[in-house]
$ cat my_file.cif   # mmCIF, C-alpha atoms and all ligand atoms
data_model
loop_
_atom_site.label_atom_id
_atom_site.label_comp_id
_atom_site.auth_asym_id
_atom_site.auth_seq_id
_atom_site.Cartn_x
_atom_site.Cartn_y
_atom_site.Cartn_z
CA MET X 66 -15.48 -6.90 13.17
CA ASN X 67 -13.92 -10.12 14.29
CA ASP X 68 -12.27 -10.64 17.66
CA LEU X 69 -8.73 -9.57 18.08
CA VAL X 70 -6.29 -12.19 16.98
CA ARG X 71 -3.45 -12.40 19.44
CA SER X 72 -0.61 -13.75 17.45
CA ASP X 73 2.91 -12.63 16.75
CA ALA X 74 3.30 -15.14 13.96
CA ARG X 75 4.22 -13.36 10.77
CA PRO X 76 1.90 -13.77 7.80
CA PRO X 77 2.29 -16.98 5.80
CA VAL X 78 4.22 -17.39 2.57
CA VAL X 79 2.11 -18.57 -0.37
CA ASP X 80 3.95 -20.09 -3.32
CA LEU X 81 2.20 -19.24 -6.60
CA ALA X 82 4.39 -21.54 -8.73
CA ASN X 83 2.52 -23.95 -11.06
CA PHE X 84 -0.54 -21.88 -10.41
CA GLU X 85 -3.01 -23.66 -12.70
CA GLN X 86 -2.19 -27.14 -11.38
CA ARG X 87 -2.13 -26.04 -7.74
CA LYS X 88 -4.92 -23.49 -7.80
CA SER X 89 -7.23 -25.07 -5.22
CA GLN X 90 -4.40 -25.40 -2.69
CA ILE X 91 -3.21 -21.84 -3.37
CA ARG X 92 -6.78 -20.55 -3.06
CA GLN X 93 -7.11 -22.16 0.35
CA GLN X 94 -3.81 -20.74 1.55
CA LEU X 95 -4.69 -17.26 0.32
CA MET X 96 -8.09 -17.43 2.03
CA ASP X 97 -6.58 -18.65 5.31
CA ALA X 98 -4.26 -15.63 5.33
CA ALA X 99 -6.65 -13.02 3.96
CA THR X 100 -9.54 -13.85 6.28
CA VAL X 101 -7.46 -13.38 9.42
CA LYS X 102 -4.30 -11.35 8.95
CA GLY X 103 -5.26 -9.72 5.67
CA PHE X 104 -1.55 -10.01 4.81
CA PHE X 105 0.55 -12.71 3.17
CA TYR X 106 3.82 -13.05 1.30
CA ILE X 107 4.00 -14.42 -2.21
CA THR X 108 6.81 -16.29 -3.89
CA GLY X 109 6.92 -18.13 -7.21
CA HIS X 110 5.19 -15.08 -8.71
CA GLY X 111 7.25 -14.95 -11.91
CA ILE X 112 8.04 -11.23 -11.82
CA PRO X 113 11.57 -11.07 -13.29
CA GLU X 114 14.29 -10.32 -10.72
CA ASP X 115 16.02 -7.91 -13.08
CA LEU X 116 12.84 -5.85 -13.35
CA ILE X 117 12.57 -5.67 -9.57
CA SER X 118 16.23 -4.61 -9.33
CA ALA X 119 15.69 -1.99 -12.02
CA ALA X 120 12.77 -0.58 -10.03
CA TRP X 121 14.97 -0.33 -6.92
CA ARG X 122 17.68 1.47 -8.91
CA THR X 123 15.04 3.84 -10.27
CA SER X 124 13.84 4.55 -6.76
CA GLU X 125 17.37 5.24 -5.57
CA ARG X 126 18.14 7.57 -8.47
CA PHE X 127 14.86 9.37 -8.05
CA PHE X 128 15.26 10.13 -4.36
CA GLN X 129 18.85 11.29 -4.89
CA GLN X 130 17.60 14.17 -7.02
CA PRO X 131 17.72 17.68 -5.58
CA ASP X 132 14.76 18.82 -3.56
CA ASP X 133 13.68 21.52 -5.99
CA ALA X 134 13.58 19.06 -8.91
CA LYS X 135 11.30 16.75 -6.93
CA GLN X 136 9.17 19.59 -5.61
CA ALA X 137 8.65 20.86 -9.16
CA LEU X 138 6.86 17.63 -10.10
CA PRO X 139 3.05 17.52 -10.16
CA LYS X 140 1.28 16.89 -6.88
CA VAL X 141 -1.19 14.12 -6.13
CA ASN X 142 -4.82 15.17 -5.99
CA TRP X 143 -6.53 12.58 -3.81
CA ALA X 144 -9.91 14.27 -4.01
CA LYS X 145 -9.96 13.80 -7.77
CA ALA X 146 -8.30 10.40 -7.52
CA GLU X 147 -5.43 11.74 -9.64
CA VAL X 148 -2.83 9.62 -8.01
CA ILE X 149 0.32 10.72 -9.72
CA GLY X 150 3.07 13.02 -8.60
CA PHE X 151 5.42 13.81 -5.78
CA GLU X 152 4.30 14.01 -2.18
CA ARG X 153 6.14 14.93 0.96
CA ASN X 154 4.56 14.17 4.30
CA ASN X 155 5.54 15.21 7.76
CA LEU X 156 4.23 14.22 11.14
CA ASN X 157 1.17 16.41 10.81
CA ASP X 158 -0.02 13.90 8.23
CA GLY X 159 0.94 11.03 10.51
CA THR X 160 3.60 9.98 8.06
CA ILE X 161 7.26 10.85 7.71
CA HIS X 162 8.24 10.22 4.16
CA GLU X 163 8.51 11.39 0.62
CA SER X 164 7.10 9.45 -2.26
CA MET X 165 6.58 9.45 -5.99
CA MET X 166 3.35 8.02 -7.33
CA THR X 167 2.89 6.94 -10.93
CA SER X 168 -0.22 5.71 -12.70
CA TYR X 169 -0.75 4.19 -16.10
CA GLU X 170 -0.94 6.71 -18.92
CA VAL X 171 -4.71 6.59 -19.08
CA HIS X 172 -5.20 10.30 -19.54
CA ASP X 173 -3.16 13.30 -20.61
CA ARG X 174 -2.38 14.52 -17.15
CA MET X 175 -0.69 11.25 -16.34
CA LYS X 176 1.30 11.28 -19.56
CA ALA X 177 2.66 14.69 -18.65
CA ALA X 178 3.54 13.89 -15.07
CA TRP X 179 6.64 11.73 -15.44
CA PRO X 180 9.94 13.12 -14.18
CA GLN X 181 11.94 14.35 -17.17
CA GLU X 182 14.10 11.73 -18.82
CA GLY X 183 17.20 13.75 -17.88
CA LEU X 184 16.25 13.66 -14.19
CA VAL X 185 16.07 9.89 -13.83
CA PRO X 186 16.90 8.05 -17.08
CA GLY X 187 14.47 5.24 -17.81
CA PHE X 188 12.09 6.19 -15.01
CA ARG X 189 8.97 5.95 -17.15
CA ASP X 190 9.85 2.79 -19.07
CA THR X 191 11.11 0.88 -16.04
CA THR X 192 8.17 1.87 -13.90
CA LEU X 193 5.57 1.02 -16.52
CA SER X 194 7.19 -2.34 -17.32
CA PHE X 195 7.33 -3.16 -13.64
CA MET X 196 3.68 -2.23 -13.13
CA GLU X 197 2.61 -4.24 -16.17
CA ALA X 198 4.54 -7.28 -14.95
CA MET X 199 2.52 -7.25 -11.75
CA GLN X 200 -0.91 -7.31 -13.41
CA PRO X 201 -0.98 -11.07 -14.21
CA VAL X 202 0.06 -11.86 -10.65
CA VAL X 203 -2.69 -9.66 -9.29
CA GLN X 204 -5.15 -11.29 -11.65
CA ARG X 205 -4.24 -14.78 -10.42
CA ILE X 206 -4.60 -13.82 -6.76
CA LEU X 207 -7.92 -12.08 -7.38
CA SER X 208 -9.25 -15.05 -9.35
CA CYS X 209 -8.70 -17.19 -6.25
CA PHE X 210 -10.58 -14.71 -4.08
CA ALA X 211 -13.36 -14.43 -6.67
CA GLU X 212 -13.89 -18.21 -6.68
CA ALA X 213 -13.77 -18.45 -2.91
CA LEU X 214 -16.42 -15.72 -2.68
CA GLY X 215 -18.71 -17.48 -5.13
CA PHE X 216 -18.02 -15.25 -8.14
CA PRO X 217 -16.72 -16.48 -11.50
CA PRO X 218 -12.90 -16.70 -11.53
CA ASN X 219 -12.57 -13.77 -13.93
CA PHE X 220 -14.90 -11.59 -11.84
CA PHE X 221 -12.32 -8.88 -11.06
CA ASP X 222 -10.61 -8.88 -14.47
CA GLU X 223 -12.60 -5.99 -15.91
CA THR X 224 -12.48 -3.77 -12.86
CA ILE X 225 -8.69 -4.01 -12.65
CA ASP X 226 -8.31 -3.29 -16.36
CA VAL X 227 -5.66 -0.57 -16.39
CA SER X 228 -6.32 0.55 -19.95
CA THR X 229 -9.24 2.83 -19.10
CA ALA X 230 -9.16 6.27 -17.50
CA ASP X 231 -11.58 4.97 -14.91
CA ASN X 232 -8.84 2.83 -13.40
CA ARG X 233 -6.35 4.62 -11.16
CA THR X 234 -4.06 1.77 -10.13
CA PHE X 235 -0.72 3.29 -9.14
CA LEU X 236 2.78 2.54 -8.00
CA GLN X 237 4.38 4.44 -5.14
CA TYR X 238 8.10 4.75 -4.50
CA HIS X 239 8.54 5.45 -0.78
CA LYS X 240 11.48 6.89 1.10
CA TYR X 241 11.40 7.20 4.88
CA PRO X 242 14.38 9.37 5.85
CA SER X 243 17.13 8.18 8.14
CA VAL X 244 16.55 8.50 11.87
CA GLU X 245 20.24 7.97 12.67
CA GLY X 246 21.17 9.58 15.97
CA MET X 247 17.68 10.96 16.58
CA ARG X 248 15.29 10.74 19.45
CA TRP X 249 11.54 10.40 19.32
CA LYS X 250 8.69 9.64 21.63
CA PRO X 251 7.70 5.97 21.91
CA ALA X 252 4.45 6.38 19.99
CA THR X 253 6.02 7.91 16.89
CA ASN X 254 5.73 5.93 13.65
CA ARG X 255 7.22 6.33 10.20
CA ILE X 256 3.78 5.79 8.77
CA THR X 257 0.88 5.81 11.17
CA ALA X 258 -1.70 3.06 11.33
CA HIS X 259 -3.98 3.03 8.30
CA THR X 260 -5.80 0.73 5.95
CA ASP X 261 -5.21 0.79 2.20
CA GLU X 262 -7.68 2.21 -0.31
CA SER X 263 -6.68 -0.39 -2.90
CA LEU X 264 -8.32 -3.74 -3.63
CA ILE X 265 -4.96 -5.28 -2.89
CA THR X 266 -1.44 -3.92 -2.45
CA LEU X 267 1.82 -5.55 -3.50
CA LEU X 268 4.64 -4.24 -1.35
CA TYR X 269 8.38 -4.55 -1.88
CA THR X 270 10.60 -3.81 1.08
CA SER X 271 14.39 -3.76 0.92
CA PRO X 272 16.20 -6.22 3.24
CA SER X 273 16.88 -3.54 5.86
CA SER X 274 13.36 -2.13 5.70
CA VAL X 275 12.19 -3.16 9.11
CA GLY X 276 9.19 -1.88 11.01
CA LEU X 277 6.10 -2.90 9.03
CA GLU X 278 3.50 -4.28 11.42
CA LEU X 279 -0.12 -5.28 11.04
CA ALA X 280 -2.97 -5.45 13.51
CA ALA X 281 -5.02 -8.56 12.90
CA GLY X 282 -8.62 -8.07 13.93
CA SER X 283 -8.45 -4.31 13.52
CA ASP X 284 -10.44 -4.01 10.31
CA GLY X 285 -13.42 -1.73 10.22
CA ALA X 286 -12.00 1.02 8.10
CA ALA X 287 -14.13 -0.16 5.25
CA VAL X 288 -17.21 1.15 6.95
CA GLU X 289 -17.97 4.59 8.30
CA GLY X 290 -15.93 4.81 11.47
CA VAL X 291 -12.43 4.81 10.12
CA GLY X 292 -10.10 3.94 12.94
CA ASP X 293 -12.67 2.29 15.17
CA GLY X 294 -10.88 -1.00 15.10
CA LEU X 295 -7.65 0.59 16.14
CA HIS X 296 -8.78 1.27 19.66
CA ARG X 297 -8.84 -2.47 20.20
CA VAL X 298 -5.33 -3.14 19.02
CA GLU X 299 -3.18 -4.72 21.65
CA ASN X 300 -0.92 -6.71 19.51
CA TRP X 301 1.04 -5.70 16.44
CA THR X 302 2.30 -8.52 14.26
CA PRO X 303 5.68 -7.92 12.60
CA CYS X 304 5.77 -8.22 8.85
CA PRO X 305 9.53 -8.25 8.15
CA PRO X 306 11.06 -8.31 4.67
CA LEU X 307 11.53 -11.89 3.46
CA PRO X 308 14.11 -12.51 0.72
CA GLY X 309 12.52 -13.13 -2.66
CA CYS X 310 9.00 -12.49 -1.37
CA ILE X 311 6.48 -9.76 -2.06
CA THR X 312 4.20 -8.68 0.77
CA VAL X 313 0.53 -8.53 -0.21
CA ASN X 314 -2.33 -7.03 1.76
CA ILE X 315 -6.06 -6.65 1.37
CA GLY X 316 -7.47 -3.12 1.11
CA ASP X 317 -10.85 -1.59 1.96
CA PRO X 318 -12.69 -2.21 -1.37
CA LEU X 319 -11.96 -5.92 -1.21
CA GLN X 320 -13.20 -6.07 2.35
CA LEU X 321 -16.43 -4.45 1.11
CA TRP X 322 -16.71 -6.76 -1.90
CA SER X 323 -16.22 -9.81 0.29
CA ASP X 324 -18.88 -8.86 2.85
CA GLY X 325 -16.11 -8.39 5.39
CA LEU X 326 -14.59 -11.83 4.92
CA LEU X 327 -11.28 -10.59 3.56
CA LYS X 328 -9.72 -8.22 6.07
CA SER X 329 -8.40 -4.79 5.29
CA ASN X 330 -6.39 -4.58 8.47
CA PHE X 331 -4.61 -1.63 9.95
CA HIS X 332 -0.88 -1.55 9.48
CA ARG X 333 1.92 0.87 10.23
CA VAL X 334 5.66 1.30 9.93
CA ARG X 335 7.08 1.84 13.39
CA MET X 336 10.38 3.49 14.17
CA PRO X 337 13.40 1.13 14.21
CA HIS X 338 14.51 -0.40 17.50
CA PRO X 339 18.04 0.50 18.63
CA ASP X 340 19.47 -2.76 17.28
CA GLU X 341 17.84 -2.30 13.85
CA PRO X 342 19.03 -0.29 10.82
CA GLN X 343 18.47 3.43 11.41
CA GLY X 344 19.19 4.67 7.90
CA ASN X 345 16.85 5.58 5.08
CA ARG X 346 14.04 3.08 4.63
CA TYR X 347 12.72 2.35 1.15
CA SER X 348 9.70 0.47 -0.09
CA ILE X 349 7.68 0.26 -3.29
CA GLY X 350 3.94 -0.27 -3.23
CA TYR X 351 1.68 -1.26 -6.12
CA PHE X 352 -1.88 -0.25 -5.30
CA VAL X 353 -4.45 -2.07 -7.41
CA TRP X 354 -7.70 -0.16 -7.72
CA PRO X 355 -11.08 -1.19 -9.06
CA ARG X 356 -12.45 1.14 -11.75
CA LEU X 357 -13.91 4.27 -10.20
CA HIS X 358 -17.52 3.64 -11.24
CA ASP X 359 -17.94 -0.12 -10.90
CA LYS X 360 -20.45 -1.20 -8.30
CA ILE X 361 -18.81 -2.67 -5.21
CA GLN X 362 -21.21 -5.05 -3.52
CA GLY X 363 -20.75 -8.32 -1.71
CA LYS X 364 -23.01 -11.31 -2.44
CA ARG X 365 -24.69 -11.06 0.93
CA GLY X 366 -25.11 -7.28 0.94
CA VAL X 367 -23.45 -6.85 4.33
CA TYR X 368 -22.29 -3.35 3.37
CA PRO X 369 -24.33 -0.89 1.31
CA SER X 370 -23.30 -0.92 -2.32
CA THR X 371 -20.74 1.70 -3.23
CA THR X 372 -18.16 2.61 -5.86
CA MET X 373 -14.50 3.52 -5.65
CA ALA X 374 -15.42 7.08 -6.67
CA LYS X 375 -17.81 7.40 -3.71
CA TYR X 376 -15.38 5.76 -1.36
CA MET X 377 -12.58 8.09 -2.43
CA GLU X 378 -14.85 11.08 -2.13
CA LYS X 379 -15.27 10.18 1.51
CA LYS X 380 -11.80 8.98 2.25
CA GLY X 381 -9.87 11.03 -0.25
CA LYS X 382 -11.23 14.51 0.35
CA ASN X 383 -8.68 14.93 2.98
CA PHE X 384 -6.64 11.79 2.81
CA ALA X 385 -4.70 12.64 5.95
CA ASP X 386 -7.94 12.62 7.94
CA SER X 387 -8.42 8.99 7.13
CA PHE X 388 -5.30 8.18 9.10
CA SER X 389 -7.12 7.53 12.37
CA PRO X 390 -6.65 11.06 13.67
CA ASP X 391 -8.18 10.53 17.05
CA ILE X 392 -5.81 8.05 18.55
CA ALA X 393 -3.28 8.78 21.24
CA THR X 394 -0.31 7.82 19.12
CA TYR X 395 -1.28 10.38 16.56
CA GLU X 396 -1.47 13.12 19.15
CA ALA X 397 1.98 12.20 20.35
CA GLN X 398 3.28 12.45 16.83
CA GLN X 399 1.89 15.91 16.38
CA GLU X 400 4.39 17.20 18.90
CA TYR X 401 7.20 16.71 16.45
CA SER X 402 8.09 18.52 13.32
CA PHE X 403 9.97 16.97 10.53
CA GLY X 404 12.99 18.57 8.89
CA LEU X 405 13.46 16.60 5.74
CA ALA X 406 16.12 18.94 4.41
CA ALA X 407 18.27 18.21 7.42
CA ASN X 408 17.17 14.60 7.26
CA SER X 409 16.25 14.76 10.88
CA ILE X 410 13.34 14.61 13.22
CA ALA X 411 13.53 17.64 15.42
CA VAL X 412 12.46 17.10 18.98
CA THR X 413 10.58 20.25 19.80
O1 LIG F 501 6.49 1.15 3.52
C1 LIG F 501 5.84 0.19 3.94
O2 LIG F 501 6.42 -0.84 4.32
C2 LIG F 501 4.33 0.24 4.04
C3 LIG F 501 3.71 1.35 3.26
C4 LIG F 501 2.21 1.37 3.32
O3 LIG F 501 1.59 0.78 4.16
C5 LIG F 501 1.45 2.12 2.30
O4 LIG F 501 2.07 2.83 1.49
O5 LIG F 501 0.22 2.02 2.28
FE FE F 502 -0.53 0.72 3.59
#

$ encode --input "my_file.cif" --output "structure tokens"
Amino acid sequence: MNDLVRSDARPPVVDLANFEQRKSQIRQQLMDAATVKGFFYITGHGIPEDLISAAWRTSERFFQQPDDAKQALPKVNWAKAEVIGFERNNLNDGTIHESMMTSYEVHDRMKAAWPQEGLVPGFRDTTLSFMEAMQPVVQRILSCFAEALGFPPNFFDETIDVSTADNRTFLQYHKYPSVEGMRWKPATNRITAHTDESLITLLYTSPSSVGLELAAGSDGAAVEGVGDGLHRVENWTPCPPLPGCITVNIGDPLQLWSDGLLKSNFHRVRMPHPDEPQGNRYSIGYFVWPRLHDKIQGKRGVYPSTTMAKYMEKKGKNFADSFSPDIATYEAQQEYSFGLAANSIAVT
């Protein structure tokens, strides 16, 4: 683990435009960001604006649906890495939100898990087109990391191939309910500090979606003691929404594959400050996974070799447990219960 980086500076913006001509410069900028903050913003990515807008409309329509329609959808099974379906979390999980996760249609269960066309028209087509549009961007970013790590540029291409059942890359529509007029203890978060289980994550936050923060120097989740790094966090760096930019962060498998060079840092979504928007908060995450059975091993062998399947077996058995359960903030959160139906956080 590296020393804590005391900096409030938000992560840098990396422009991916004219990628082939500017690749060495882009690679350097990505490495500078990924080896310290583990977070950066991208622009010039080429994902069509109308597709992004369509995804936001889909998210809005989805979350407007009645509770029972959403609850009737399939549930995510983390232990089996079947990452598709509806999930509702309350503070006992360290997270206050509802979300819909969708994978590629790589096996029958996933084909059958879409919300019915009548529920949210175009949900499947929009979501799949949006996911597909992100793949080339992911590929470009990963080719930079591959080169910088001494692998061939196409090193990650096969493992992120979303056409096989072994790949569980997914998209997650998030809704964090409004906290308008509510009180909570200082340590409460909308999503508690965690690291991502993806190679990398592309995150879209709406302009009013404040609260995302990262802890540079807090990595360590990639190894056994999940949460160890968190005890050392003294400084959270804000990661606010930037117009036209996508937020990207490194996840645990890429930290493993890079011998710890690329940082899978803890991040959280804190509650809004009084002068910030208090209403519903929305975000969309695209979680890029390596295939479940590909060997994950850095060039220098800093970490024992593993696979995504093994990693998920450990982390995914009880996914909530991987959310740093032993920290003081988490205990504080446990004192609350979450009444999603009333859209309120009840102070008990
Ligand atoms: O909603 C956000 O801004 C962050 C969500 C996140 O960290 C996650 O889903 O892993
Ligand atoms: Fe995350």

$ residues_near_ligand --input "my_file.cif" --ligand "ligand LIG 501 (chain F)" --cutoff "9 Å" --atoms "all atoms listed in the file" --output "ChimeraX atom specification"
/X:237-241,255-263,266,268-270,274-278,304-306,312,331-334,346-352

$ atom_distance --input "my_file.cif" --atom1 "atom CA of X:Ala134" --atom2 "atom CA of X:Leu184"
8.0 Å

$ residues_near_point --input "my_file.cif" --point "(-4.0, -19.4, 10.7)" --cutoff "10 Å" --atoms "all atoms listed in the file" --output "PyMOL selection string"
chain X and resi 70+72+74+76-77+94+96-102

$ atom_distance --input "my_file.cif" --atom1 "atom CA of X:Leu95" --atom2 "atom CA of X:Thr234"
21.7 Å

$ atom_distance --input "my_file.cif" --atom1 "atom CA of X:Val244" --atom2 "atom CA of X:Arg75"
25.1 Å

$ closest_residue --input "my_file.cif" --among "X:Met336, X:Leu327, X:Val148, X:Leu264" --to "ligand FE 502 (chain F)" --atoms "all atoms listed in the file"
X:Leu264

$ closest_residue --input "my_file.cif" --among "X:His110, X:Asp80, X:Arg92, X:Ala374" --to "X:Ala211" --atoms "only C-alpha atoms"
X:Arg92
